[in-house]
file target.csv (CSV, C-alpha atoms)
chain,number,residue,atom,x,y,z
A,26,MET,CA,91.0,98.0,106.4
A,27,LEU,CA,90.2,97.9,102.7
A,28,SER,CA,87.5,96.2,100.8
A,29,GLU,CA,87.2,95.6,97.1
A,30,SER,CA,84.2,94.7,94.9
A,31,SER,CA,84.3,91.7,92.7
A,32,GLU,CA,83.9,93.9,89.7
A,33,GLU,CA,87.0,95.8,90.4
A,34,SER,CA,89.2,92.9,91.5
A,35,ASP,CA,91.5,91.3,89.0
A,36,SER,CA,94.7,89.2,89.1
A,37,SER,CA,96.8,91.7,87.1
A,38,GLU,CA,99.3,93.8,88.8
A,39,TYR,CA,98.3,97.4,89.1
A,40,ASP,CA,100.9,100.2,88.9
A,41,ALA,CA,99.8,103.8,89.1
A,42,TRP,CA,102.8,105.0,87.1
A,43,GLU,CA,102.2,102.5,84.3
A,44,HIS,CA,98.5,103.5,84.3
A,45,ARG,CA,99.5,107.1,84.0
A,46,CYS,CA,102.0,106.4,81.2
A,47,ALA,CA,99.4,104.3,79.3
A,48,ASP,CA,97.1,107.3,79.4
A,49,ALA,CA,99.7,109.2,77.4
A,50,PHE,CA,98.7,107.2,74.3
A,51,ASP,CA,95.3,107.0,72.8
A,52,ASP,CA,93.9,105.3,69.6
A,53,LEU,CA,95.1,106.4,66.2
A,54,ARG,CA,92.1,108.7,65.7
A,55,ARG,CA,93.2,110.9,68.6
A,56,GLY,CA,96.9,110.4,68.4
A,57,LEU,CA,99.4,111.2,71.2
A,58,VAL,CA,98.2,112.9,74.4
A,59,VAL,CA,100.9,114.9,76.2
A,60,LEU,CA,101.8,113.4,79.6
A,61,LEU,CA,102.5,115.9,82.3
A,62,VAL,CA,104.5,114.3,85.1
A,63,ASP,CA,105.0,117.5,87.0
A,64,ASP,CA,101.7,116.9,88.8
A,65,SER,CA,102.6,113.5,90.1
A,66,LEU,CA,102.6,113.6,93.9
A,67,THR,CA,105.3,112.9,96.5
A,68,PHE,CA,104.8,112.7,100.3
A,69,TYR,CA,107.9,113.4,102.4
A,70,VAL,CA,107.8,112.1,105.9
A,71,ASP,CA,109.8,112.5,109.2
A,72,ALA,CA,109.3,111.4,112.7
A,73,SER,CA,109.6,113.0,116.1
A,74,ALA,CA,109.2,111.7,119.7
A,75,ASN,CA,109.7,112.9,123.2
A,76,PRO,CA,112.0,110.9,125.5
A,77,PHE,CA,111.2,110.2,129.2
A,78,SER,CA,112.4,113.0,131.4
A,79,GLU,CA,112.9,112.8,135.1
A,80,LYS,CA,112.0,116.5,135.3
A,81,SER,CA,108.6,115.7,133.9
A,82,PRO,CA,108.0,112.0,134.8
A,83,ASN,CA,104.2,112.2,134.2
A,84,ALA,CA,104.4,113.8,130.8
A,85,PRO,CA,102.8,111.6,128.1
A,86,LEU,CA,105.2,109.9,125.7
A,87,LEU,CA,104.3,110.4,122.1
A,88,HIS,CA,105.4,109.4,118.7
A,89,THR,CA,104.6,111.7,115.8
A,90,LEU,CA,105.1,111.1,112.1
A,91,GLY,CA,104.2,113.4,109.3
A,92,GLY,CA,105.2,115.7,106.5
A,93,TYR,CA,104.0,117.4,103.3
A,94,ILE,CA,102.6,116.2,100.0
A,95,GLY,CA,103.0,118.1,96.8
A,96,SER,CA,103.5,117.8,93.0
A,97,VAL,CA,106.9,117.2,91.4
A,98,GLY,CA,106.8,120.7,90.0
A,99,SER,CA,105.9,122.2,93.4
A,100,TRP,CA,108.8,120.4,95.1
A,101,ARG,CA,111.2,121.5,92.5
A,102,GLN,CA,110.4,125.2,93.1
A,103,PHE,CA,110.3,124.6,96.9
A,104,ARG,CA,113.9,123.2,97.0
A,105,LYS,CA,115.2,126.2,95.1
A,106,GLU,CA,113.6,128.7,97.5
A,107,TRP,CA,114.5,126.7,100.6
A,108,ARG,CA,118.2,126.4,99.6
A,109,THR,CA,118.2,130.1,98.9
A,110,GLU,CA,117.1,130.9,102.4
A,111,LEU,CA,119.7,128.6,103.9
A,112,LYS,CA,122.4,130.0,101.8
A,113,ARG,CA,121.6,133.5,103.0
A,114,LYS,CA,122.4,132.4,106.5
A,115,GLY,CA,125.4,130.2,105.6
A,116,LEU,CA,123.5,126.9,106.5
A,117,GLU,CA,124.0,123.6,104.7
A,118,PHE,CA,120.8,122.1,106.0
A,119,PHE,CA,118.1,122.7,108.7
A,120,HIS,CA,117.2,120.5,111.7
A,121,MET,CA,114.5,121.8,114.0
A,122,THR,CA,115.9,120.2,117.2
A,123,ASP,CA,119.3,121.8,116.7
A,124,PHE,CA,117.7,125.2,115.8
A,125,GLU,CA,115.4,125.1,118.9
A,126,ARG,CA,118.2,124.1,121.2
A,127,ASP,CA,120.6,126.9,120.1
A,128,GLN,CA,117.9,129.5,120.0
A,129,ASN,CA,117.0,128.7,123.6
A,130,ALA,CA,120.7,128.8,124.6
A,131,THR,CA,121.1,132.2,122.9
A,132,LEU,CA,118.1,133.6,124.6
A,133,THR,CA,119.2,132.4,128.0
A,134,GLY,CA,122.9,133.3,127.6
A,135,LYS,CA,124.1,129.7,127.7
A,136,PRO,CA,127.2,128.7,125.6
A,137,ILE,CA,126.7,127.2,122.2
A,138,SER,CA,129.0,124.5,120.7
A,139,ARG,CA,131.8,125.8,118.4
A,140,LYS,CA,130.6,123.4,115.7
A,141,SER,CA,127.1,124.9,115.8
A,142,PRO,CA,126.1,126.7,112.6
A,143,TYR,CA,124.1,129.1,114.8
A,144,ARG,CA,127.1,130.2,116.8
A,145,GLY,CA,127.3,134.0,116.6
A,146,TRP,CA,123.7,134.5,115.8
A,147,ALA,CA,121.9,137.3,117.8
A,148,CYS,CA,118.7,136.6,119.6
A,149,GLU,CA,116.7,138.6,117.0
A,150,ASP,CA,118.1,136.4,114.1
A,151,PHE,CA,116.3,133.2,115.0
A,152,ARG,CA,112.6,133.9,114.8
A,153,PRO,CA,112.6,135.9,111.5
A,154,PHE,CA,114.7,133.1,109.8
A,155,LEU,CA,112.2,130.4,110.9
A,156,GLN,CA,109.3,132.6,109.7
A,157,ARG,CA,111.0,132.8,106.2
A,158,LEU,CA,111.2,129.0,106.1
A,159,HIS,CA,107.5,128.9,107.0
A,160,ARG,CA,106.8,131.2,104.2
A,161,VAL,CA,108.5,128.9,101.7
A,162,ILE,CA,106.3,126.0,103.1
A,163,ASN,CA,103.2,128.1,102.8
A,164,ARG,CA,103.8,129.6,99.4
A,165,LYS,CA,100.9,129.4,96.9
A,166,LYS,CA,100.7,128.3,93.3
A,167,SER,CA,99.7,130.6,90.4
A,168,ASP,CA,96.1,129.6,90.9
A,169,GLY,CA,96.1,130.8,94.5
A,170,SER,CA,96.0,127.4,96.1
A,171,PHE,CA,98.8,126.2,98.5
A,172,ARG,CA,101.3,124.0,96.8
A,173,LEU,CA,101.9,121.8,99.8
A,174,GLU,CA,99.6,120.2,102.4
A,175,ALA,CA,100.5,118.3,105.6
A,176,PHE,CA,99.4,115.0,107.0
A,177,ILE,CA,100.5,114.2,110.6
A,178,SER,CA,99.7,111.4,113.1
A,179,SER,CA,100.6,111.2,116.7
A,180,ILE,CA,100.2,108.2,119.1
A,181,VAL,CA,100.5,108.0,122.8
A,182,ARG,CA,103.1,105.3,123.0
A,183,PRO,CA,102.1,103.6,126.3
A,184,ASP,CA,98.5,103.5,125.1
A,185,PHE,CA,99.6,101.8,121.9
A,186,GLU,CA,101.5,99.0,123.8
A,187,GLU,CA,98.7,98.5,126.4
A,188,THR,CA,95.8,98.3,123.9
A,189,MET,CA,97.6,96.3,121.1
A,190,LEU,CA,95.9,92.9,120.5
A,191,ASP,CA,98.2,89.9,120.4
A,192,GLU,CA,96.5,88.8,117.2
A,193,LEU,CA,97.7,91.9,115.4
A,194,ARG,CA,101.3,92.0,116.5
A,195,ASP,CA,102.5,90.2,113.4
A,196,SER,CA,100.8,92.7,111.1
A,197,PRO,CA,103.4,94.9,109.2
A,198,GLY,CA,101.3,98.0,110.1
A,199,CYS,CA,101.2,97.2,113.8
A,200,VAL,CA,104.8,96.3,114.7
A,201,SER,CA,105.6,99.7,116.0
A,202,THR,CA,104.1,103.2,116.6
A,203,TYR,CA,106.2,104.4,113.6
A,204,MET,CA,104.5,101.8,111.3
A,205,PHE,CA,101.1,102.4,112.7
A,206,ASN,CA,101.5,106.2,112.0
A,207,VAL,CA,102.7,105.3,108.5
A,208,GLY,CA,99.4,103.5,107.9
A,209,VAL,CA,97.3,106.2,109.4
A,210,ASN,CA,98.9,108.9,107.2
A,211,MET,CA,98.7,106.8,104.0
A,212,GLU,CA,95.0,106.2,104.6
A,213,SER,CA,94.4,109.9,105.3
A,214,ILE,CA,96.2,110.7,102.0
A,215,ALA,CA,94.2,108.1,100.1
A,216,MET,CA,90.9,109.6,101.4
A,217,TRP,CA,92.2,113.1,100.5
A,218,ALA,CA,93.1,111.9,97.0
A,219,ASP,CA,89.7,110.3,96.5
A,220,LYS,CA,87.9,113.6,97.3
A,221,ARG,CA,90.1,115.3,94.7
A,222,ASN,CA,89.6,112.6,92.1
A,223,TYR,CA,93.3,112.1,91.9
A,224,PHE,CA,94.3,108.6,90.8
A,225,GLY,CA,97.9,109.2,89.6
A,226,PRO,CA,101.0,107.9,91.4
A,227,ILE,CA,102.0,108.9,94.9
A,228,HIS,CA,105.6,108.3,95.9
A,229,TYR,CA,106.5,108.1,99.6
A,230,VAL,CA,109.9,109.3,100.9
A,231,PHE,CA,110.9,108.6,104.5
A,232,ALA,CA,113.7,110.3,106.5
A,233,GLY,CA,116.5,107.8,107.4
A,234,GLY,CA,117.8,107.1,110.8
A,235,ASP,CA,114.7,105.7,112.6
A,236,GLY,CA,115.7,102.1,112.3
A,237,GLU,CA,112.4,101.2,110.5
A,238,GLY,CA,113.8,100.3,107.1
A,239,GLY,CA,113.1,96.6,107.5
A,240,ASN,CA,109.5,97.2,108.7
A,241,LEU,CA,108.9,99.7,105.8
A,242,GLU,CA,110.0,97.0,103.3
A,243,LYS,CA,107.7,94.4,104.8
A,244,TRP,CA,104.8,96.9,104.8
A,245,PHE,CA,105.2,98.0,101.2
A,246,THR,CA,105.8,94.4,100.1
A,247,ARG,CA,102.5,93.5,101.7
A,248,LEU,CA,100.8,96.4,99.9
A,249,TRP,CA,102.1,95.3,96.5
A,250,GLN,CA,100.7,91.8,97.1
A,251,SER,CA,97.2,93.3,97.2
A,252,ASN,CA,95.8,94.8,94.0
A,253,ASN,CA,93.3,96.7,96.1
A,254,ALA,CA,96.0,98.2,98.3
A,255,ARG,CA,98.1,99.2,95.3
A,256,LYS,CA,95.2,101.1,93.9
A,257,ARG,CA,94.2,102.5,97.2
A,258,PHE,CA,97.6,104.0,98.0
A,259,ARG,CA,98.4,104.9,94.4
A,260,LEU,CA,101.7,102.9,94.5
A,261,SER,CA,104.1,103.2,91.6
A,262,LYS,CA,107.4,101.7,90.5
A,263,GLY,CA,108.1,104.7,88.4
A,264,TYR,CA,110.6,106.0,91.0
A,265,SER,CA,111.7,103.0,92.9
A,266,ARG,CA,111.2,99.2,93.2
A,267,LEU,CA,108.6,99.2,96.0
A,268,GLY,CA,107.1,102.7,95.6
A,269,TYR,CA,109.0,104.3,98.4
A,270,ASP,CA,112.5,105.6,99.3
A,271,ILE,CA,114.5,106.3,102.4
A,272,GLN,CA,116.7,109.4,102.2
A,273,TRP,CA,118.8,111.4,104.5
A,274,MET,CA,117.2,114.6,105.7
A,275,ARG,CA,120.5,116.5,105.5
A,276,ALA,CA,120.4,116.3,101.7
A,277,GLU,CA,116.7,116.7,101.1
A,278,PRO,CA,115.0,120.1,101.8
A,279,ALA,CA,111.5,118.5,101.6
A,280,LEU,CA,112.4,116.2,104.6
A,281,GLN,CA,113.7,119.2,106.5
A,282,ALA,CA,110.3,120.8,106.1
A,283,ALA,CA,108.7,117.5,107.3
A,284,ASP,CA,111.0,117.7,110.3
A,285,ILE,CA,109.5,121.1,111.2
A,286,ALA,CA,105.9,119.8,110.9
A,287,ALA,CA,106.6,116.7,113.0
A,288,PHE,CA,108.4,118.8,115.7
A,289,GLU,CA,105.7,121.4,116.0
A,290,PHE,CA,102.8,118.9,116.0
A,291,LEU,CA,104.5,116.8,118.6
A,292,LYS,CA,104.6,119.8,120.9
A,293,ALA,CA,100.9,120.5,120.1
A,294,ALA,CA,99.9,116.9,120.7
A,295,LEU,CA,101.7,116.8,124.0
A,296,LYS,CA,99.7,119.8,125.2
A,297,HIS,CA,96.5,118.2,124.0
A,298,ALA,CA,97.3,114.9,125.7
A,299,GLU,CA,98.2,116.6,128.9
A,300,ASN,CA,94.8,118.3,129.0
A,301,GLY,CA,93.1,115.0,128.7
A,302,ALA,CA,90.8,113.4,126.1
A,303,GLY,CA,88.2,115.7,124.6
A,304,VAL,CA,89.7,118.9,126.0
A,305,GLN,CA,91.1,121.3,123.5
A,306,PRO,CA,94.2,123.2,124.6
A,307,ASP,CA,93.9,127.0,125.0
A,308,LEU,CA,95.2,128.6,121.8
A,309,ARG,CA,97.3,130.9,123.9
A,310,GLU,CA,99.2,127.9,125.3
A,311,LEU,CA,100.3,126.8,121.8
A,312,ARG,CA,103.6,127.9,120.3
A,313,LYS,CA,103.4,131.0,118.1
A,314,SER,CA,105.6,129.1,115.6
A,315,LEU,CA,102.8,126.6,115.1
A,316,ALA,CA,100.3,129.2,114.3
A,317,ASN,CA,102.7,130.8,111.9
A,318,LEU,CA,103.4,127.4,110.2
A,319,CYS,CA,99.7,126.4,109.8
A,320,GLN,CA,98.6,128.6,106.9
A,321,THR,CA,98.4,125.8,104.4
A,322,ARG,CA,96.2,122.9,105.6
A,323,HIS,CA,97.8,120.6,108.3
A,324,ASN,CA,95.7,117.4,108.8
A,325,GLY,CA,96.7,116.2,112.2
A,326,LYS,CA,95.5,113.3,114.3
A,327,LEU,CA,96.2,112.3,117.9
A,328,LEU,CA,95.4,108.7,118.8
A,329,THR,CA,95.0,107.8,122.5
A,330,GLY,CA,93.7,104.7,124.3
A,331,PRO,CA,90.0,105.0,123.3
A,332,GLN,CA,90.7,105.6,119.6
A,333,LEU,CA,93.3,102.8,119.5
A,334,VAL,CA,91.0,100.2,121.2
A,335,LYS,CA,88.3,101.0,118.6
A,336,SER,CA,90.8,100.8,115.8
A,337,PHE,CA,92.4,97.5,116.8
A,338,ALA,CA,89.0,95.9,117.4
A,339,GLY,CA,88.0,96.9,113.9
A,340,MET,CA,91.2,95.6,112.4
A,341,LEU,CA,90.8,92.3,114.1
A,342,GLU,CA,87.2,91.9,113.0
A,343,PHE,CA,88.2,92.7,109.4
A,344,ARG,CA,91.0,90.1,109.5
A,345,LYS,CA,88.8,87.4,110.9
A,346,LYS,CA,86.2,88.1,108.2
A,347,TYR,CA,88.5,88.3,105.2
A,348,GLY,CA,91.6,86.5,106.5
A,349,SER,CA,93.9,89.4,105.9
A,350,GLU,CA,94.4,93.1,106.4
A,351,PHE,CA,93.3,93.7,102.8
A,352,VAL,CA,90.9,92.0,100.4
A,353,ASP,CA,93.2,90.9,97.6
call {"tool": "encode", "arguments": {"input": "target.csv", "output": "structure tokens"}}
result
Amino acid sequence: MLSESSEESDSSEYDAWEHRCADAFDDLRRGLVVLLVDDSLTFYVDASANPFSEKSPNAPLLHTLGGYIGSVGSWRQFRKEWRTELKRKGLEFFHMTDFERDQNATLTGKPISRKSPYRGWACEDFRPFLQRLHRVINRKKSDGSFRLEAFISSIVRPDFEETMLDELRDSPGCVSTYMFNVGVNMESIAMWADKRNYFGPIHYVFAGGDGEGGNLEKWFTRLWQSNNARKRFRLSKGYSRLGYDIQWMRAEPALQAADIAAFEFLKAALKHAENGAGVQPDLRELRKSLANLCQTRHNGKLLTGPQLVKSFAGMLEFRKKYGSEFVD
């Protein structure tokens, strides 16, 4: 739900990348100002969800979406370090679900597929390797600050379906739990950028394979139709036509890191949801790998029935007042 004052509203199309490029040139008295594109930001996103299990029929069903944001320069260095760690172990890419499955199989003496890249690993190989990947994620810049920060949103899927209002089902941001999580994370990042006075471009990259490509296109098309939304989410056409990309995780280390964050926070959100609203899980019940991962800031949200009811009511009130999700 975004509003815009009449003083800020205009009919021209806003593009954060064009705005940034325009800032590279000043009047003739000052000459050319050097444009540093390495500090432009990219948010890499992956999803995780737990399927229904007959072994645990009462377990809450959640959908989690999240990942890391960092500058172009930080991501460049991250990829180099990540690929170095994978190469040392003979891995082409990393997928947390595969790693977790084969680690558990090794610890319990169960057979591992011949095609598995972890076949032949000893029990003591797994944890140190994952910790090294965590260290790559948590590495700091020369000024002592973390180079990456995470934004993650989890939704209890049955609560989403039960509390969704019919009037909102046609909204691009409400067609699925995936898309609602997209909106939650983008708004969190916008607030984060506001606090840091960052108004440059933010590019959004989603892992492929979730079947949400059509919904993402509708969502970003709607955002581009609103000058207010374009500014709010720092959209740019400097990288792609609509300000986002869908890439395969196998080829992009940043999405492999996002996969770890989504996986770990799904586990944490499940524990939180099982305890009930307002009851924090005992830290001793959480996975040690989560504690090891969360050195850099991880901004996580869990949306259950009460939060969703309030959110949907506010969205509907805003739409009735302004006639749209955004004030254009």
call {"tool": "atom_distance", "arguments": {"input": "target.csv", "atom1": "CA of Ala232 (chain A)", "atom2": "CA of Phe176 (chain A)"}}
result
15.1 Å
call {"tool": "residues_around", "arguments": {"input": "target.csv", "residues": "region 138-153 of chain A", "least_positions_apart": "4", "cutoff": "7 Å", "atoms": "all atoms listed in the file", "output": "list in words"}}
result
Leu116, Asp127, Gln128, Thr131, Leu132 and Arg157 of chain A
call {"tool": "closest_residue", "arguments": {"input": "target.csv", "among": "A:Ile94, A:Ala72, A:Leu315, A:Ile214", "to": "Leu173 (chain A)", "atoms": "only C-alpha atoms"}}
result
A:Ile94
call {"tool": "residues_around", "arguments": {"input": "target.csv", "residues": "Lys326 (chain A)", "least_positions_apart": "4", "cutoff": "8 Å", "atoms": "only C-alpha atoms", "output": "list in words"}}
result
Ile177, Ser178 and Ser179 of chain A
call {"tool": "closest_residue", "arguments": {"input": "target.csv", "among": "A:Gln250, A:Thr89, A:Ser78, A:Asn83", "to": "Ala283 (chain A)", "atoms": "all atoms listed in the file"}}
result
A:Thr89
call {"tool": "residues_near_point", "arguments": {"input": "target.csv", "point": "(117.3, 105.0, 104.1)", "cutoff": "7 Å", "atoms": "all atoms listed in the file", "output": "MDAnalysis selection string"}}
result
chainID A and resid 232:233 238 270:273
call {"tool": "atom_distance", "arguments": {"input": "target.csv", "atom1": "CA of Gly225 (chain A)", "atom2": "CA of Phe351 (chain A)"}}
result
20.9 Å
call {"tool": "closest_residue", "arguments": {"input": "target.csv", "among": "A:Val70, A:Ile137, A:Leu248, A:Ala338", "to": "Val207 (chain A)", "atoms": "all atoms listed in the file"}}
result
A:Val70
call {"tool": "decode", "arguments": {"input": "target.csv", "residues": "region 209-243 of chain A", "atoms": "N, CA and C atoms", "output": "short mmCIF file (atom, residue, chain, number, x, y, z; two decimals), in the first residue's frame"}}
result
data_model
loop_
_atom_site.label_atom_id
_atom_site.label_comp_id
_atom_site.auth_asym_id
_atom_site.auth_seq_id
_atom_site.Cartn_x
_atom_site.Cartn_y
_atom_site.Cartn_z
N VAL A 209 6.04 -8.73 0.19
CA VAL A 209 6.50 -8.47 1.55
C VAL A 209 8.00 -8.17 1.56
N ASN A 210 8.77 -8.98 0.85
CA ASN A 210 10.22 -8.77 0.83
C ASN A 210 10.60 -7.47 0.13
N MET A 211 9.92 -7.16 -0.97
CA MET A 211 10.24 -5.92 -1.68
C MET A 211 9.92 -4.69 -0.84
N GLU A 212 8.82 -4.74 -0.09
CA GLU A 212 8.49 -3.63 0.79
C GLU A 212 9.50 -3.52 1.92
N SER A 213 9.93 -4.65 2.48
CA SER A 213 10.95 -4.63 3.53
C SER A 213 12.25 -4.01 3.02
N ILE A 214 12.63 -4.37 1.80
CA ILE A 214 13.85 -3.82 1.22
C ILE A 214 13.70 -2.33 0.95
N ALA A 215 12.51 -1.90 0.50
CA ALA A 215 12.28 -0.48 0.26
C ALA A 215 12.43 0.32 1.56
N MET A 216 11.89 -0.19 2.65
CA MET A 216 12.03 0.48 3.95
C MET A 216 13.48 0.51 4.38
N TRP A 217 14.18 -0.60 4.17
CA TRP A 217 15.61 -0.70 4.49
C TRP A 217 16.41 0.32 3.69
N ALA A 218 16.11 0.45 2.40
CA ALA A 218 16.81 1.41 1.54
C ALA A 218 16.51 2.84 1.96
N ASP A 219 15.25 3.11 2.35
CA ASP A 219 14.89 4.44 2.83
C ASP A 219 15.75 4.85 4.02
N LYS A 220 15.90 3.95 4.97
CA LYS A 220 16.67 4.25 6.19
C LYS A 220 18.13 4.54 5.87
N ARG A 221 18.62 3.95 4.79
CA ARG A 221 20.02 4.14 4.40
C ARG A 221 20.20 5.22 3.35
N ASN A 222 19.09 5.90 3.04
CA ASN A 222 19.13 6.96 2.02
C ASN A 222 19.70 6.45 0.70
N TYR A 223 19.34 5.21 0.37
CA TYR A 223 19.78 4.64 -0.90
C TYR A 223 18.63 4.78 -1.90
N PHE A 224 18.88 5.47 -3.01
CA PHE A 224 17.85 5.68 -4.02
C PHE A 224 18.30 5.23 -5.40
N GLY A 225 19.39 4.47 -5.44
CA GLY A 225 19.86 3.92 -6.70
C GLY A 225 19.04 2.70 -7.11
N PRO A 226 19.38 2.07 -8.23
CA PRO A 226 18.61 0.94 -8.73
C PRO A 226 18.78 -0.32 -7.90
N ILE A 227 17.71 -1.10 -7.80
CA ILE A 227 17.74 -2.43 -7.20
C ILE A 227 17.20 -3.41 -8.24
N HIS A 228 18.00 -4.40 -8.56
CA HIS A 228 17.60 -5.42 -9.53
C HIS A 228 17.20 -6.67 -8.75
N TYR A 229 16.12 -7.34 -9.19
CA TYR A 229 15.59 -8.50 -8.50
C TYR A 229 15.78 -9.75 -9.37
N VAL A 230 16.39 -10.78 -8.80
CA VAL A 230 16.65 -12.01 -9.54
C VAL A 230 16.03 -13.18 -8.79
N PHE A 231 15.14 -13.91 -9.47
CA PHE A 231 14.41 -15.02 -8.86
C PHE A 231 14.91 -16.36 -9.43
N ALA A 232 14.98 -17.35 -8.55
CA ALA A 232 15.36 -18.69 -9.00
C ALA A 232 14.24 -19.29 -9.83
N GLY A 233 14.58 -19.92 -10.94
CA GLY A 233 13.58 -20.53 -11.80
C GLY A 233 13.08 -21.85 -11.23
N GLY A 234 11.98 -22.33 -11.79
CA GLY A 234 11.46 -23.64 -11.41
C GLY A 234 10.26 -23.62 -10.51
N ASP A 235 9.77 -22.44 -10.12
CA ASP A 235 8.62 -22.35 -9.22
C ASP A 235 7.30 -22.16 -9.95
N GLY A 236 7.34 -22.03 -11.27
CA GLY A 236 6.10 -21.88 -12.04
C GLY A 236 5.41 -20.54 -11.83
N GLU A 237 6.16 -19.53 -11.39
CA GLU A 237 5.56 -18.22 -11.09
C GLU A 237 5.98 -17.15 -12.10
N GLY A 238 6.56 -17.56 -13.22
CA GLY A 238 7.04 -16.60 -14.19
C GLY A 238 5.97 -15.66 -14.70
N GLY A 239 4.80 -16.20 -15.01
CA GLY A 239 3.70 -15.37 -15.48
C GLY A 239 3.22 -14.39 -14.43
N ASN A 240 3.14 -14.85 -13.18
CA ASN A 240 2.71 -13.96 -12.10
C ASN A 240 3.73 -12.86 -11.83
N LEU A 241 5.02 -13.20 -11.92
CA LEU A 241 6.05 -12.19 -11.73
C LEU A 241 5.98 -11.11 -12.81
N GLU A 242 5.73 -11.53 -14.05
CA GLU A 242 5.62 -10.56 -15.13
C GLU A 242 4.44 -9.61 -14.91
N LYS A 243 3.30 -10.15 -14.48
CA LYS A 243 2.13 -9.31 -14.20
C LYS A 243 2.42 -8.35 -13.05
#
